[in-house]
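To start, the structure under review is shown below, and the notes come after it.
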Amino acid sequence: MNLISSKLILLATILCSLLLMSSCNDNEDDPIESLSVAFESTSVGIDESSNSVNAIVAFTRATINNSQFTISLSENGVVYGEDYTTTPAAVNGVLFLDIPAGATNAVVVINSTAEAIDDGNNLVLTITDISGETDAQVTGNSNITINFSAIASSGSSMVAGIGGPTEPNQVFVDFSLNSQSIAERTSWDLGFFTGNEDKVIVNYSTYLMVKALDEIDLNAITAMDTVGLSNQMRIGTAGAHVFIDSPNGSLAELAIQDISAIDEENPVYIVNRGSGPGAGEIQLGSVNVGSNPLGWKKMRILKRGENYLIQHADINDGSFSETIISKDINFNFSYFNFDESNAVNVEPSLDKWDIVFSVSSNVIDFGAGLGAYGFSDFVRSNRQGGVTVARVDLETDENGTILPGQTTYDDFENSDLSNVSFLESANLIGSSWRSVFSRTANNSRFYLVRDIEGNTYKVQFLGLLNERGERGHSSFRYELL
Amino acid sequence: MKKSLKPIKSCVKGQQVHFNTKIGFLLITLLLTRLHSVSAQTYIFILDEVSKKPIEGVIVSGTGNNTGEVFNNITDSEGKVVIIGLSFPLTISTSHLVYETSTTSIKKAGLHSVQLKKASIQLDQFIVTGQHEPQSIDEAVYNVQVIDKQQIADQGAIDLTDVLNNQINITLTPDKQSGRTTISLLGLGAEYVKILLDGIPFVSTEGNGNNVDITQINLNTIERVEIVEGPMAVNYGSNAAAGVINLISKKTAEKSISIQEETVGPEYGLERGRHIQSINLGHYLTDQLLVRLDFRRNDFRGLQGEFEGRDHLLDDNRRGFDWRPKRQYSGGIYSAYNFKNTKLSYRYSYFQQRLDVFSPQVFLDLHVPTQTTNPFAFDQENKTKRFLHQLNVSSAFGRIKYHIVSAYTGVELFNQTFRRRLRTSVIQEVLDESNSYLNSFTSRGNFTNFLPHPNLSLEIGYEYTFEGLKQNFLSQEDEIQVTETVKTLDNYALFSSLEWELTDRWNIRPGIRYIYNSQYKAPLTYSINTKYKLAHNFDIRASVGRSYRTPNLTELFLYFVDANHDVTGNENLLPEDIFGTFIAIKKKIKLNGFDLNNSLTVYYNDVSNRISLAVINNEPLQFQYINIDEFKSKGLRFNHTLLFKKWTVNSGFSYNGRRRSITNVTQGADAFLFSSEFNFNATYHLVKDQLKLALFYKRTGRDEQFRVDDAAPEGFVKGRIEAFNQLDFTSTLQFSNRIQLTTGIRNIFNVTDVNSSVQSAGAHTPAPTTIGRSYGRSYFLRANYTFNR
């Protein structure tokens, strides 16, 4: 091999190794994120029914070492040992909370021991020191006020337990109680109004649809009477909006006409029960909420005294079942499921929820006219329970960056409420809080929710994915104004 | 004057004298006296008749006096070949692209000089695409455009986009998001243009040779690009209706390295800009065995533009890049072996590309109690891997010559989605992985020279293609399940063409191809090409033919059905049927000192059975791909090339119209919409050809297209893409024969996003208002070092 060739090969070798080096990735150990700790909320109340409350310290990550928090107690008209005790116990107004390695939160339990404590007297816990943990600090809610009576929540954050990308659950949230109540959305088909009027709603969360037939004899209906209906009574179809209730929650615009005390005035309905959560592999970030059809029914609803009577059967059946549904005024609706053939529990009592996360049918313009379309990640408010909602939109530039000089979620306070008008519409929040395309919550928009007790919360949605990128994990924060 | 594949021996060392071109002739005289006394070898210097400068790269071949004494050699930078051990008298003949052939007899050893005259037709290029045998571009019955390696170097071209950018009748469509660039030719899209590498389709997961991302076609190993317009289905099968682009690889023993540094728009640095390193090593191991190794790394760091890069922490949609960064590696081995009348060659090549998708969406991960955030993003890495094994055999069986090329090639796409914490840039968890691939085996044999008649050439050929493919259908839509499809396709074809020289002036070439495909019924394709030489240096070429486009995987197998949607592919789709006509008229004008080549081309394409996604049922609403639409394109082009002294000037104008029906809504939306293109290229040689300046300009006129708009009363509206101008300027400086520096400015007018209103809104997305054309004005510097001169 001649000289030039060997030089060339040497050069090529050097060049190649340089290239390989430059394309190597750094293999350093992952840096440790710093740990922030804070009380989960700024105040809690001790309910009369229970004599204790947990003051929870939230962590941004699990601890690495065994560590200890120092928490000081500041008493306003209450005395340790007489009015209350804590676990772990406090000595001279200070308690030490031992945190094992790997912990993701910590709890101080406050037990009320007095018969009665004057209104306004309270206890304030403050985290004053953290020892033993790498790179840890207290930020945010460094103290918490313990009230010795029930209070409306001052605010917190939550991930709604919708159940992932098939979104199987309806999640009823009560801000003032920091609570969520979960019901499977396929657990009901119809909701019977418990108020003075005799009205029946259909399940929006399964895209259930009904169509009145010109017939009052349930047994006279066969599959022949439903020819063509399967193509009309479909979600995602123009014109199908007449088979669902108005998504704004108004009882004046329902798919089922008011139930008459005169039996002959109540027609037979064909019911497409819609569809439930799908199965199988789902593309990351997408949902499969409606690929499992729930079948068809026929039914007729009558009045029996103050109660409803539902008659129902499969389409071709020559006989039917009957179920009496009574009204319970503690709830908005009495719910019914065809499979159970009985009343079922779905939502909490009417004053114990503000908004519900639920798959929902909605009415949109198809270009060729209005139609029914199914939405995932939908949020409805408790219209029958007296909840009203307002939406605050911040101005943004074309890239979606919030322009400065506006009252943001963090800045918004009671005094800003003066020019806000609250509306009843149940679908005011709807899908407006998120973008399906970017799979993010709209950060230039927040909501004000006023409950039946008159508490007003500002609510901002934070996301619709979990940190694995899966849908059906809607998160939000809220704060009492 | 065929390109020789004969071995080129490495140059003889010793006697190395620096050759100053200015006083070359004088030095030769000095050399003569010096060398004469020390050597009995024969030195032959080849000089330009006019400038008296040495000519490099002249193939010198000849015979000695005794039987069997043959030699082949090529002149070095001093224009010299050395001949040892042959008996006198020698007969030598020279061969060079630019110079006329000369034959001389040499009677004794020592120093001799031969002066060559420049050939009157300077660039009598040889082409192979679609030919029975390599043909002069002027003689070929097809209309072929060639982009040679000189132009590739002059443009500082890295990939195929760089040289096609200023071609008229070719429109490139880049996509910022995917990093892909696709091509349209004669008004037909990427699925109607077949891209070949030495005759073998360049596979993409979109299909075999069509809808190719041409940014993945690296020109490091490319000798020239042959563009054949007009129906080419008889030669190359499906998806060649608008024509083929055949890349001819380098098969020489060059040894060179080069480095190219580019800005990306205004951005440049270690972590910015574009960095390219290339190595080419070719060597004759024996007289008959050539081995080549080629490697290139192409590191495009993306354009940040108004975006904030990878480590941006705010949820303002400004994270990431405007043009996404990607890194390509390509390499290969080529070996060729010649003995007697047989040529064997084998190529292995490998390509890898990584495209980084830094999601603009930042998830703050707000921890409400502590009021802290820990931002993360769902980032993606898209990898493309491609390999090729290709074996060529050409030989003869009796009088019948044959050329068989077989290739096994595949491409695999691998996508990964993961969560990256942005403060630490740590990838925490891989969330999703998907891959798709297409593997293909192709064997094509061309058999020629059946007929003893000199004016008749018959070609008979076969082609067999196997494709195995797997694809996951992904959708931007709200709800979709992942659907995985694995399919195999077999395609058998027999083809034949007859090239008949009716008279000295008139050639005609009919051809036919019969195809059997395991998936669909392919049409019988045919074409007739003809060439007629008129008086006064006019010649005319015409071709008519029938071609077809195969349905792609999405069109065949898409399945997207849920509560809200019903969109499906259609396994019963027929191939689209395309009838094309192409006519080219050329005239050469030679006057004192300048050559002017003029051409006028016109074309017409008619696509029937065009596949579209159409509403097949209103209640329920169902969409399916069906053969429903029509598409027509027509156009004309003027092109003029002037060679005058040190100038080469080329200018062209084209006017193209397209007409399409939108899912058979033809009322009003079926009018032809026209757009124009204009280009102007000029090259000027300075300082004894050591400095070359080149300018490349193209104006792409306003393009109008109908788009579907449900809000409009007719259901469609006319949208437009605004006109834009591209101007590149390069200068090439030759320092000695080893070092070449090229500097240039691309996109001098700094065209970036162009306003567009041709796209319709998606079901869940608004209509985009711009199309990204380029990342803006950029500067490059290329240094090339060649060893074996």
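Each chain in the structure tokens gets a letter, A, B and so on, in the order shown; residues start at 1 in every chain, and ligands are counted from 1 in the order they appear.
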
Quiz item: Mind listing as a list of chain:residue names which residues of chain A are within 6 Å of chain B, counting only C-alpha atoms?
Solution: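 Result, ordered by chain then number: A:Val37, A:Ala38, A:Glu40, A:Thr139, A:Gly140, A:Asn141, A:Asn231, A:Ile235, A:Gly236, A:Ile282, A:Gln283, A:Ser286, A:Val287, A:Gly290, A:Ser291, A:Thr401.
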
Selected residues written out with C-alpha atoms, as a PDB file, in the first residue's frame:
ATOM      1  CA  VAL A  37     -42.861  20.703  50.828  1.00  0.00           C
ATOM      2  CA  ALA A  38     -46.007  22.551  51.915  1.00  0.00           C
ATOM      3  CA  GLU A  40     -51.917  20.773  51.132  1.00  0.00           C
ATOM      4  CA  THR A 139     -42.407  26.829  49.629  1.00  0.00           C
ATOM      5  CA  GLY A 140     -46.053  27.837  49.141  1.00  0.00           C
ATOM      6  CA  ASN A 141     -48.367  26.911  51.996  1.00  0.00           C
ATOM      7  CA  ASN A 231     -78.501   5.397  10.918  1.00  0.00           C
ATOM      8  CA  ILE A 235     -73.676  10.161  17.629  1.00  0.00           C
ATOM      9  CA  GLY A 236     -71.571  12.059  15.116  1.00  0.00           C
ATOM     10  CA  ILE A 282     -55.190   3.151  22.451  1.00  0.00           C
ATOM     11  CA  GLN A 283     -52.816   5.551  20.816  1.00  0.00           C
ATOM     12  CA  SER A 286     -56.070   9.617  22.451  1.00  0.00           C
ATOM     13  CA  VAL A 287     -59.242   8.245  23.967  1.00  0.00           C
ATOM     14  CA  GLY A 290     -67.432   5.107  22.776  1.00  0.00           C
ATOM     15  CA  SER A 291     -66.618   2.005  20.791  1.00  0.00           C
ATOM     16  CA  THR A 401     -48.805  33.862  25.164  1.00  0.00           C
TER      17      THR A 401
END

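Once A:Asn414 and its same-chain neighbours fewer than 3 positions away are set aside, Leu417, Ser418, Thr456, Tyr457, Lys458, Leu480 and Leu481 of chain A remain within 10 Å of it when counting only C-alpha atoms.
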
Practice problem: For B:Gly332, work out the shell of residues within 12 Å, counting only C-alpha atoms and skipping chain neighbours fewer than 6 positions away, then give it as a list in words. | Solution: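 The filter keeps Asn218, Asn220, Thr221, Ser249, Lys250, Ser278, Ile279, Asn280, Leu281, Gly282, Val291, Arg292, Leu293, Asp294, Phe295, Arg296, Tyr346, Arg347, Tyr348, Ser349, Tyr350, Phe351, Gln352, Arg386, Phe387, Leu388, His389 and Gln390 of chain B.
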
Those same residues - C-alpha atoms - I'd like them written as a compact mmCIF listing (two decimals), in the first residue's frame.
# COMPACT_ATOMS: atom_id res chain seq x y z
CA ASN B 218 -27.48 12.18 -0.14
CA ASN B 220 -22.06 12.38 -1.69
CA THR B 221 -21.85 9.30 -3.88
CA SER B 249 -23.61 6.67 -8.48
CA LYS B 250 -19.90 7.42 -8.67
CA SER B 278 -17.75 13.43 3.94
CA ILE B 279 -15.16 10.87 2.97
CA ASN B 280 -14.83 9.08 -0.35
CA LEU B 281 -12.16 6.42 -0.75
CA GLY B 282 -11.88 4.62 -4.03
CA VAL B 291 -13.37 -0.87 -4.19
CA ARG B 292 -14.99 2.26 -2.84
CA LEU B 293 -15.92 3.33 0.66
CA ASP B 294 -18.10 6.36 1.21
CA PHE B 295 -19.26 8.03 4.35
CA ARG B 296 -21.11 11.18 5.21
CA TYR B 346 -22.00 -5.01 -5.71
CA ARG B 347 -23.13 -2.20 -3.49
CA TYR B 348 -24.11 -2.09 0.14
CA SER B 349 -25.33 1.15 1.51
CA TYR B 350 -26.77 2.23 4.80
CA PHE B 351 -28.57 5.35 5.86
CA GLN B 352 -29.76 6.48 9.23
CA ARG B 386 -32.43 2.22 5.28
CA PHE B 387 -30.23 -0.43 3.75
CA LEU B 388 -29.53 -1.61 0.24
CA HIS B 389 -27.78 -4.63 -1.21
CA GLN B 390 -27.48 -4.36 -4.94

Self-check item: A:His241 environment, 12 Å, only C-alpha atoms, sequence neighbours closer than 4 positions dropped, as a VMD selection string
Solution: chain A and resid 204 207 to 211 232 to 237 245 to 247 253 to 255 361 to 366 369 to 374

Quiz item: Which polymer residues have any atom within 6 Å of an atom of A:Asp354, counting only C-alpha atoms, with same-chain residues fewer than 4 positions away left out, as a VMD selection string?
Solution: chain A and resid 173 to 174 381 to 382

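Residue nearest A:Ala90 within the list A:Lys327, A:Ile71, A:Glu48, A:Ile259: A:Ile71 [criterion: smallest interatomic distance, only C-alpha atoms].
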
Self-check item: A:Ile146 surroundings by only C-alpha atoms, 8 Å radius, close-in-sequence under 4 positions cut, as number ranges by chain
Solution: A: 43-46, 122-125

Quiz item: Of the candidates B:Glu229, B:Asp159, B:Glu271, B:Glu630, which one gets nearest to B:Tyr603 if we count only C-alpha atoms?
Solution: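 Smallest distance to B:Tyr603 is found for B:Glu229.
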
Quiz item: Taking the backbone alone, and naming residues the way the document does, which bits of stretch 293-469 of chain A are helix (DSSP H, G or I) by DSSP, as a PyMOL selection string?
Solution: chain A and resi 414-419

Quiz item: Using only C-alpha atoms, which residue out of B:Glu191, B:Asp154, B:Glu412, B:Asp379 lies closest to B:Asn239?
Solution: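 Closest to B:Asn239, using only C-alpha atoms: B:Glu191.
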
Quiz item: Running DSSP on the backbone, which parts of stretch 147-221 of chain A land in strand (DSSP E or B), as a PyMOL selection string?
Solution: chain A and resi 147+155-159+169-174+179-184+190-193+200-202+209-212

Take the residues from that selection and put them in a file with C-alpha atoms, as a PDB file, in the first residue's frame.
ATOM      1  CA  ASN A 147     -60.438  25.738  62.690  1.00  0.00           C
ATOM      2  CA  GLY A 155     -58.859  25.673  47.919  1.00  0.00           C
ATOM      3  CA  SER A 156     -56.698  22.833  46.720  1.00  0.00           C
ATOM      4  CA  SER A 157     -55.933  20.859  43.600  1.00  0.00           C
ATOM      5  CA  MET A 158     -57.161  17.502  42.342  1.00  0.00           C
ATOM      6  CA  VAL A 159     -56.864  14.975  39.608  1.00  0.00           C
ATOM      7  CA  ASN A 169     -66.222   7.366  35.188  1.00  0.00           C
ATOM      8  CA  GLN A 170     -68.255  10.427  35.936  1.00  0.00           C
ATOM      9  CA  VAL A 171     -66.527  12.419  38.644  1.00  0.00           C
ATOM     10  CA  PHE A 172     -68.670  14.714  40.777  1.00  0.00           C
ATOM     11  CA  VAL A 173     -66.560  17.363  42.477  1.00  0.00           C
ATOM     12  CA  ASP A 174     -67.468  19.442  45.513  1.00  0.00           C
ATOM     13  CA  SER A 179     -64.291  15.854  47.615  1.00  0.00           C
ATOM     14  CA  GLN A 180     -64.934  13.865  44.499  1.00  0.00           C
ATOM     15  CA  SER A 181     -67.555  11.151  44.067  1.00  0.00           C
ATOM     16  CA  ILE A 182     -67.197   8.608  41.282  1.00  0.00           C
ATOM     17  CA  ALA A 183     -69.889   6.736  39.335  1.00  0.00           C
ATOM     18  CA  GLU A 184     -69.468   4.562  36.257  1.00  0.00           C
ATOM     19  CA  LEU A 190     -82.332   7.641  32.571  1.00  0.00           C
ATOM     20  CA  GLY A 191     -82.647  10.265  35.272  1.00  0.00           C
ATOM     21  CA  PHE A 192     -86.088  11.069  36.717  1.00  0.00           C
ATOM     22  CA  PHE A 193     -86.464  14.634  37.954  1.00  0.00           C
ATOM     23  CA  VAL A 200     -86.841  12.511  32.452  1.00  0.00           C
ATOM     24  CA  ILE A 201     -83.307  13.078  31.213  1.00  0.00           C
ATOM     25  CA  VAL A 202     -81.235  10.662  29.111  1.00  0.00           C
ATOM     26  CA  MET A 209     -80.683   8.687  22.332  1.00  0.00           C
ATOM     27  CA  VAL A 210     -84.446   8.333  22.351  1.00  0.00           C
ATOM     28  CA  LYS A 211     -87.109   8.801  19.710  1.00  0.00           C
ATOM     29  CA  ALA A 212     -90.858   8.944  20.398  1.00  0.00           C
TER      30      ALA A 212
END

Quiz item: What is the atom CA of A:Asn219-atom CA of A:Gly318 distance in Å, reported with one decimal?
Solution: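 Interatomic distance, atom CA of A:Asn219 to atom CA of A:Gly318: 5.0 Å.
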